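Novice: Here you go, one structure.
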Amino acid sequence: MTTRSAAADRDPWFVVQLKPHGLRMARTHLARQAFRTFSPSLAPSQAKKSPRPAFPGYLFVTFDPAQGAWAKINSTRGVSRLITSGAGRPSSLPSNFMTALLERVDEYEILHPPEDLKCGDDIRVITGPFEGVIARIHDLPDASRVAVLLELMGRQVRTTLPRDSLERIKVA
């Protein structure tokens, strides 16, 4: 189930919707059919002791769509369906999205935050109720959330915000 092979870089990636609790079974049976899979997890937080899926209910799979072998994915145990276009052909993910995702996982497929943000960085909130507020990063609890310290009513308040609602303030 290794995802970082040269072939994985050539073939496009697709999304499989899973049946409830079907991740392990789908990965096992897709591997038996020689499909490469990828299922990144978020690092455990202090509240949750085990990793949790970054994309619950979904699995990434790579293959050559020109070969008809992909049709058997829909009948694989644990799989609900392969996400397809309106024409019934598999819809591939943008290669830059998958490349960025694959670069952020470790050997256990734990997804780590992009290295553009780190604890202590000053950020600006660009969307949401705190839009325009300047804050400092306190912690990076997982790949999609950032814990920040906001200055509100004369005191620092810790809150978590979606990563995509922030931008790092460039230090000159």
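Residues are named by chain letter and number: chains run A, B, ... in the order of the structure tokens, numbers start at 1 in each chain, and ligands are numbered from 1 in the order shown.
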As a list in words, please: every residue in region 68-162 of chain A that a backbone DSSP assignment puts in helix (DSSP H, G or I).

Specialist: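 Residues of region 68-162 of chain A classed as helix (DSSP H, G or I): Gly68, Ala69, Trp70, Ala71, Lys72, Ile73, Asn74, Ser75, Ser95, Asn96, Phe97, Met98, Thr99, Ala100, Leu101, Leu102 and Glu103 of chain A.
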
Novice: Keeping only N, CA and C atoms, write the selected residues to a file as an mmCIF file, in the first residue's frame.

Specialist:
```cif
data_model
loop_
_atom_site.group_PDB
_atom_site.id
_atom_site.type_symbol
_atom_site.label_atom_id
_atom_site.label_comp_id
_atom_site.auth_asym_id
_atom_site.auth_seq_id
_atom_site.Cartn_x
_atom_site.Cartn_y
_atom_site.Cartn_z
ATOM 1 N N GLY A 68 -9.317 -0.929 -18.272
ATOM 2 C CA GLY A 68 -10.664 -1.163 -17.762
ATOM 3 C C GLY A 68 -10.742 -1.762 -16.383
ATOM 4 N N ALA A 69 -9.618 -2.039 -15.746
ATOM 5 C CA ALA A 69 -9.615 -2.706 -14.436
ATOM 6 C C ALA A 69 -10.308 -1.873 -13.359
ATOM 7 N N TRP A 70 -10.425 -0.579 -13.555
ATOM 8 C CA TRP A 70 -11.020 0.278 -12.528
ATOM 9 C C TRP A 70 -12.491 -0.028 -12.307
ATOM 10 N N ALA A 71 -13.163 -0.640 -13.274
ATOM 11 C CA ALA A 71 -14.591 -0.927 -13.144
ATOM 12 C C ALA A 71 -14.884 -1.866 -11.977
ATOM 13 N N LYS A 72 -13.925 -2.707 -11.620
ATOM 14 C CA LYS A 72 -14.163 -3.654 -10.520
ATOM 15 C C LYS A 72 -14.078 -2.998 -9.138
ATOM 16 N N ILE A 73 -13.670 -1.743 -9.073
ATOM 17 C CA ILE A 73 -13.585 -1.056 -7.780
ATOM 18 C C ILE A 73 -14.965 -0.991 -7.123
ATOM 19 N N ASN A 74 -16.005 -0.718 -7.902
ATOM 20 C CA ASN A 74 -17.352 -0.585 -7.339
ATOM 21 C C ASN A 74 -17.867 -1.861 -6.697
ATOM 22 N N SER A 75 -17.348 -3.009 -7.083
ATOM 23 C CA SER A 75 -17.805 -4.264 -6.483
ATOM 24 C C SER A 75 -16.847 -4.786 -5.416
ATOM 25 N N SER A 95 -3.675 17.030 -9.802
ATOM 26 C CA SER A 95 -2.380 16.456 -9.411
ATOM 27 C C SER A 95 -1.669 17.319 -8.371
ATOM 28 N N ASN A 96 -1.816 18.646 -8.433
ATOM 29 C CA ASN A 96 -1.140 19.493 -7.445
ATOM 30 C C ASN A 96 -1.729 19.293 -6.049
ATOM 31 N N PHE A 97 -3.032 19.012 -5.957
ATOM 32 C CA PHE A 97 -3.658 18.722 -4.667
ATOM 33 C C PHE A 97 -3.065 17.446 -4.067
ATOM 34 N N MET A 98 -2.990 16.389 -4.880
ATOM 35 C CA MET A 98 -2.474 15.115 -4.375
ATOM 36 C C MET A 98 -0.982 15.209 -4.054
ATOM 37 N N THR A 99 -0.233 15.911 -4.864
ATOM 38 C CA THR A 99 1.193 16.069 -4.598
ATOM 39 C C THR A 99 1.402 16.761 -3.254
ATOM 40 N N ALA A 100 0.655 17.833 -3.009
ATOM 41 C CA ALA A 100 0.771 18.559 -1.742
ATOM 42 C C ALA A 100 0.356 17.680 -0.571
ATOM 43 N N LEU A 101 -0.678 16.890 -0.752
ATOM 44 C CA LEU A 101 -1.147 15.999 0.308
ATOM 45 C C LEU A 101 -0.113 14.912 0.603
ATOM 46 N N LEU A 102 0.413 14.289 -0.434
ATOM 47 C CA LEU A 102 1.400 13.218 -0.270
ATOM 48 C C LEU A 102 2.692 13.724 0.369
ATOM 49 N N GLU A 103 3.043 14.979 0.114
ATOM 50 C CA GLU A 103 4.262 15.542 0.699
ATOM 51 C C GLU A 103 4.113 15.820 2.188
#
```

Novice: Please, which residues in region 12-130 of chain A fall within 9 Å of region 155-167 of chain A when counting only C-alpha atoms, and what is the closest atom pair and distance in Å to one decimal for each, ordered by chain then residue number, as a Markdown table?

Specialist:
```
| residue | atom | partner | partner_atom | distance |
| --- | --- | --- | --- | --- |
| A:Leu117 | CA | A:Glu167 | CA | 8.8 |
| A:Asp122 | CA | A:Glu167 | CA | 8.8 |
| A:Ile123 | CA | A:Glu167 | CA | 5.5 |
| A:Arg124 | CA | A:Glu167 | CA | 5.4 |
| A:Val125 | CA | A:Leu166 | CA | 4.6 |
| A:Ile126 | CA | A:Ser165 | CA | 5.4 |
| A:Thr127 | CA | A:Ser165 | CA | 5.1 |
| A:Gly128 | CA | A:Ser165 | CA | 7.2 |
```

Novice: Between A:Ile169, A:Leu111, A:Val105, A:Ile134, which has the minimum distance to Leu42 (chain A) (counting only C-alpha atoms)?

Specialist: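 When distances to Leu42 (chain A) are compared using only C-alpha atoms, the smallest one comes from A:Leu111.
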
Novice: Could you name the residues that touch Gly22 (chain A) at 9 Å or less, counting only C-alpha atoms, but leaving out those on the same chain fewer than 4 positions away, as a list in words?

Specialist: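 With the cut-off at 9 Å, the set is Leu18, Ala26, Arg27, Gly57, Arg77, Gly78, Val79 and Ser80 of chain A.
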
Novice: The selected residues should be written to file as a PDB file, in the first residue's frame (atoms: all heavy atoms).

Specialist:
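Written file, part-v4.pdb:
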```pdb
ATOM      1  N   LEU A  18     -16.680   5.149   0.722  1.00  0.00           N
ATOM      2  CA  LEU A  18     -16.679   3.890   1.467  1.00  0.00           C
ATOM      3  C   LEU A  18     -18.038   3.582   2.080  1.00  0.00           C
ATOM      4  O   LEU A  18     -18.822   4.490   2.364  1.00  0.00           O
ATOM      5  CB  LEU A  18     -15.639   3.955   2.586  1.00  0.00           C
ATOM      6  CG  LEU A  18     -14.200   4.194   2.140  1.00  0.00           C
ATOM      7  CD1 LEU A  18     -13.327   4.500   3.342  1.00  0.00           C
ATOM      8  CD2 LEU A  18     -13.678   2.996   1.369  1.00  0.00           C
ATOM      9  N   ALA A  26     -11.880  -2.187   2.565  1.00  0.00           N
ATOM     10  CA  ALA A  26     -11.656  -1.680   1.212  1.00  0.00           C
ATOM     11  C   ALA A  26     -10.165  -1.651   0.887  1.00  0.00           C
ATOM     12  O   ALA A  26      -9.767  -2.074  -0.203  1.00  0.00           O
ATOM     13  CB  ALA A  26     -12.264  -0.287   1.068  1.00  0.00           C
ATOM     14  N   ARG A  27      -9.362  -1.182   1.818  1.00  0.00           N
ATOM     15  CA  ARG A  27      -7.910  -1.138   1.562  1.00  0.00           C
ATOM     16  C   ARG A  27      -7.348  -2.529   1.329  1.00  0.00           C
ATOM     17  O   ARG A  27      -6.551  -2.739   0.420  1.00  0.00           O
ATOM     18  CB  ARG A  27      -7.184  -0.463   2.725  1.00  0.00           C
ATOM     19  CG  ARG A  27      -7.399   1.034   2.742  1.00  0.00           C
ATOM     20  CD  ARG A  27      -6.498   1.710   3.696  1.00  0.00           C
ATOM     21  NE  ARG A  27      -5.218   1.918   3.011  1.00  0.00           N
ATOM     22  CZ  ARG A  27      -4.299   2.766   3.413  1.00  0.00           C
ATOM     23  NH1 ARG A  27      -4.490   3.480   4.496  1.00  0.00           N
ATOM     24  NH2 ARG A  27      -3.184   2.916   2.761  1.00  0.00           N
ATOM     25  N   GLY A  57     -14.907   8.490   5.491  1.00  0.00           N
ATOM     26  CA  GLY A  57     -15.828   7.936   4.512  1.00  0.00           C
ATOM     27  C   GLY A  57     -15.285   7.876   3.100  1.00  0.00           C
ATOM     28  O   GLY A  57     -15.975   7.434   2.184  1.00  0.00           O
ATOM     29  N   ARG A  77     -15.337  -5.178  -1.722  1.00  0.00           N
ATOM     30  CA  ARG A  77     -15.877  -5.153  -0.364  1.00  0.00           C
ATOM     31  C   ARG A  77     -15.399  -3.899   0.362  1.00  0.00           C
ATOM     32  O   ARG A  77     -14.245  -3.521   0.294  1.00  0.00           O
ATOM     33  CB  ARG A  77     -15.432  -6.388   0.407  1.00  0.00           C
ATOM     34  CG  ARG A  77     -16.015  -7.655  -0.196  1.00  0.00           C
ATOM     35  CD  ARG A  77     -15.591  -8.835   0.584  1.00  0.00           C
ATOM     36  NE  ARG A  77     -16.537  -8.978   1.691  1.00  0.00           N
ATOM     37  CZ  ARG A  77     -16.503  -9.949   2.557  1.00  0.00           C
ATOM     38  NH1 ARG A  77     -15.561 -10.863   2.496  1.00  0.00           N
ATOM     39  NH2 ARG A  77     -17.395 -10.028   3.509  1.00  0.00           N
ATOM     40  N   GLY A  78     -16.323  -3.232   1.044  1.00  0.00           N
ATOM     41  CA  GLY A  78     -16.021  -2.010   1.780  1.00  0.00           C
ATOM     42  C   GLY A  78     -16.225  -0.746   0.973  1.00  0.00           C
ATOM     43  O   GLY A  78     -16.275   0.342   1.524  1.00  0.00           O
ATOM     44  N   VAL A  79     -16.333  -0.879  -0.350  1.00  0.00           N
ATOM     45  CA  VAL A  79     -16.489   0.276  -1.235  1.00  0.00           C
ATOM     46  C   VAL A  79     -17.962   0.484  -1.546  1.00  0.00           C
ATOM     47  O   VAL A  79     -18.672  -0.457  -1.910  1.00  0.00           O
ATOM     48  CB  VAL A  79     -15.701   0.069  -2.551  1.00  0.00           C
ATOM     49  CG1 VAL A  79     -16.027   1.152  -3.567  1.00  0.00           C
ATOM     50  CG2 VAL A  79     -14.207   0.031  -2.271  1.00  0.00           C
ATOM     51  N   SER A  80     -18.404   1.724  -1.437  1.00  0.00           N
ATOM     52  CA  SER A  80     -19.756   2.076  -1.851  1.00  0.00           C
ATOM     53  C   SER A  80     -19.756   2.383  -3.347  1.00  0.00           C
ATOM     54  O   SER A  80     -20.547   1.837  -4.099  1.00  0.00           O
ATOM     55  CB  SER A  80     -20.259   3.278  -1.051  1.00  0.00           C
ATOM     56  OG  SER A  80     -21.539   3.652  -1.473  1.00  0.00           O
TER      57      SER A  80
END
```

Novice: Can you work out which one of A:His112, A:Lys19, A:Lys118, A:Arg104 has the shortest atom-to-atom distance to Pro51 (chain A), counting only C-alpha atoms?

Specialist: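 Checking each candidate against Pro51 (chain A), we get A:His112 as the closest.
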
Novice: Can you measure CA of Phe14 (chain A) to CA of Leu82 (chain A) for me? One decimal in Å is fine.

Specialist: 7.7 Å

Novice: Mind the document's chain letters and residue numbers, and return as a ChimeraX atom specification the residues of chain A that DSSP labels strand (DSSP E or B).

Specialist: /A:13-18,36-38,41-42,52-53,58-62,79-82,84,90,92,105,110-111,122-125,134-139,145-152,155-162,166-168

Novice: I'd like to know which of A:Arg81, A:Pro56, A:Ser50, A:Gln33 is closest to Gln17 (chain A), using only C-alpha atoms.

Specialist: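 Distance minimum relative to Gln17 (chain A) lands on A:Arg81.
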
Novice: Please provide the set of residues having any atom within 10 Å of Ser92 (chain A), restricted to only C-alpha atoms, with same-chain residues fewer than 5 positions apart removed, written as a list in words.

Specialist: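 So the residues in contact are Asp11, Pro12, Trp13, Phe14, Val15, Phe60, Val61, Thr62, Phe63, Pro65, Ile83, Thr84 and Ser85 of chain A.
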
Novice: With only C-alpha atoms as the counted atoms, please give the residues lying no more than 7 Å from Ser41 (chain A), apart from itself and same-chain residues fewer than 4 positions off, as a PyMOL selection string.

Specialist: chain A and resi 51-54+109-111

Novice: Save the residues we just selected, C-alpha atoms, as a compact mmCIF listing (two decimals), in the first residue's frame?

Specialist:
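again_35.txt, written as the output of this step:
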```txt
# COMPACT_ATOMS: atom_id res chain seq x y z
CA PRO A 51 -5.42 9.08 14.69
CA ARG A 52 -8.69 9.84 12.90
CA PRO A 53 -9.28 9.93 9.15
CA ALA A 54 -8.60 13.25 7.45
CA GLU A 109 0.09 8.29 6.49
CA ILE A 110 -0.34 10.81 9.31
CA LEU A 111 -1.09 14.19 7.75
```
